[in-house]
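Notes follow once the structure below has been shown.
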Amino acid sequence: AESVKTFVPHAHNANVVLVIPEGIQHSFNARHCCGYALQNEVDDVGFFKYIQSTLSEEYSFVDSDYSYAVGWSNGGFFVMHAASLFRSISPISGFQYDIDPSVTKSGTFCVDGICVDAPGAGKGIFLHHGSKDEFVRPTGCCADPNMPGCCCGISAETCVSTMEVAKNWALEVNGCELEEENGSSSRSTLEEIIEGDEADEK
């Protein structure tokens, strides 16, 4: 939480209510990450809901429908995990490889007995990730022992890169239509970026 205090003067200047929650033992339960909160199944989503409802009840100028979230590392995993609570999110150096259905649809819509999942209203995301991050790799945190691993026991059966996460979010959450450049996939584009960085260092 200390590092996030750099946002304080900016919040004052923009007349924004800034809330800096502290997870138990500096951790949040974000489904795939991390630490004490994950191991003990702490209900951090419930914790954030409580913060939102309490502030909305106590202060007339606070509206939970206009909540925005920024999270770094474990916090990045968490703001994506709890994305349904916020109008938009900005995960930094941490991301969920699978998107929670609660942000991809807004319920069930039925006409004459025929029911379909109604699409969600969309949700902004500003996804930050370094191409050389070895703790949470931009190519994905994979359970495959033949692939480079991530820190803290973070792993998934399928390797999903940050580029693929951004693409899936655009398609599944915001209903955007994407066109691949020169027929390249998101994964190959990411690899080209990383290879370019390594070439620059040489």
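By order in the structure tokens, chains are A, B, ...; within a chain, residues start at 1; ligands start at 1, following the order shown.
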
What are the closest atom pairs, with distances in Å to one decimal, for each residue of range 98-168 of chain A lying within 12 Å of range 61-68 of chain A, using only C-alpha atoms, rows by chain and rising residue number, as a Markdown table?
| residue | atom | partner | partner_atom | distance |
| --- | --- | --- | --- | --- |
| A:Lys123 | CA | A:Tyr68 | CA | 10.4 |
| A:Gly124 | CA | A:Tyr68 | CA | 9.5 |
| A:Ile125 | CA | A:Tyr68 | CA | 10.0 |
| A:Phe126 | CA | A:Tyr68 | CA | 11.1 |

Do you know which residues are at most 12 Å from Pro145 in chain A counting only C-alpha atoms, after dropping those on the same chain fewer than 4 positions away, and could you put them as a short mmCIF file (atom, residue, chain, number, x, y, z; two decimals) with N, CA, C and O atoms, in the first residue's frame?
data_model
loop_
_atom_site.label_atom_id
_atom_site.label_comp_id
_atom_site.auth_asym_id
_atom_site.auth_seq_id
_atom_site.Cartn_x
_atom_site.Cartn_y
_atom_site.Cartn_z
N CYS A 141 1.87 -17.76 -17.38
CA CYS A 141 2.40 -18.59 -16.29
C CYS A 141 1.89 -20.01 -16.51
O CYS A 141 0.71 -20.29 -16.32
N GLY A 149 8.79 -20.79 -15.97
CA GLY A 149 7.77 -20.63 -14.94
C GLY A 149 7.70 -19.23 -14.38
O GLY A 149 8.51 -18.36 -14.71
N CYS A 150 6.70 -18.99 -13.54
CA CYS A 150 6.52 -17.71 -12.87
C CYS A 150 6.82 -17.88 -11.38
O CYS A 150 7.01 -19.00 -10.89
N SER A 155 0.52 -20.71 -11.84
CA SER A 155 0.58 -21.53 -13.05
C SER A 155 -0.82 -21.80 -13.57
O SER A 155 -1.80 -21.70 -12.83
N ALA A 156 -0.88 -22.12 -14.84
CA ALA A 156 -2.15 -22.46 -15.49
C ALA A 156 -1.91 -23.61 -16.44
O ALA A 156 -0.81 -23.80 -16.94
N GLU A 157 -2.95 -24.38 -16.68
CA GLU A 157 -2.83 -25.52 -17.60
C GLU A 157 -2.53 -25.05 -19.02
O GLU A 157 -1.83 -25.70 -19.77
N CYS A 159 -1.05 -21.87 -21.42
CA CYS A 159 -0.26 -20.64 -21.42
C CYS A 159 -1.01 -19.56 -22.19
O CYS A 159 -1.28 -19.73 -23.38
#

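The nearest approach to Pro21 in chain A among the residues A:Phe48, A:Phe95, A:Trp169, A:Trp72, with only C-alpha atoms taken into account, belongs to A:Phe48.
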
Problem - All residues 10 Å or closer to Arg31 in chain A, only C-alpha atoms, same chain fewer than 2 positions away omitted, as a ChimeraX atom specification - result: /A:28-29,33-34,37-39,41,77-78,81-82,96

Practice task
Excluding Ser3 in chain A and any residue of its chain fewer than 4 positions from it, enumerate the residues within 12 Å of it, using only C-alpha atoms, and give them as a VMD selection string.
Solution key: chain A and resid 7 to 8 20 22 71 to 72 75

Practice task
Enter the distance from CA of Ala69 in chain A to CA of Ser88 in chain A, in Å, rounded to one decimal.
Solution key: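 Those two atoms sit 6.7 Å apart.
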
Practice task
Report the distance between CA of Thr6 in chain A and CA of Ile92 in chain A in Å, rounded to one decimal place.
Solution key: 15.0 Å

Practice task
Output as JSON, numbers by chain all residues of chain A that backbone DSSP marks as helix (DSSP H, G or I).
Solution key: {"A": [3, 4, 5, 6, 7, 8, 9, 10, 11, 12, 13, 14, 24, 25, 26, 35, 36, 37, 38, 39, 44, 45, 46, 47, 48, 49, 50, 51, 52, 53, 54, 55, 56, 57, 58, 64, 65, 66, 74, 75, 76, 77, 78, 79, 80, 81, 83, 84, 85, 101, 102, 103, 162, 163, 164, 165, 166, 167, 168, 169, 170, 171, 172, 181, 182, 183, 186, 187, 188, 189, 190, 191, 192, 193, 194, 195, 196, 197, 198, 199, 200, 201]}

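Counting only C-alpha atoms and comparing A:Glu177, A:Ala143, A:Asn74, A:Pro138, the residue that lies closest to Thr162 in chain A is A:Pro138.
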
Problem - Selection: 8 Å around Tyr97 in chain A, only C-alpha atoms, excl. self and same-chain fewer than 5 positions, as a list of chain:residue names - result: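 Those residues are A:Gly140, A:Val160, A:Ser161, A:Thr162, A:Val165.
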
Keeping only C-alpha atoms, take the residues you just selected and write them out as a CSV table (one decimal), in the first residue's frame.
chain,number,residue,atom,x,y,z
A,140,GLY,CA,1.9,-16.6,-19.5
A,160,VAL,CA,-2.1,-17.4,-22.1
A,161,SER,CA,0.0,-14.3,-22.9
A,162,THR,CA,-0.9,-10.7,-22.0
A,165,VAL,CA,-5.7,-11.6,-22.6

Handout entry: For CA of Ile24 in chain A and CA of Val4 in chain A, the interatomic separation in Å (one decimal)
Key =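 Taking CA of Ile24 in chain A and CA of Val4 in chain A, their separation equals 16.3 Å.
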
Practice task
May I ask which of the residues A:Ala30, A:Cys151, A:Met163, A:Ile89 is the closest one to His129 in chain A, counting only C-alpha atoms?
Solution key: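 Under the stated criterion, the closest residue is A:Met163.
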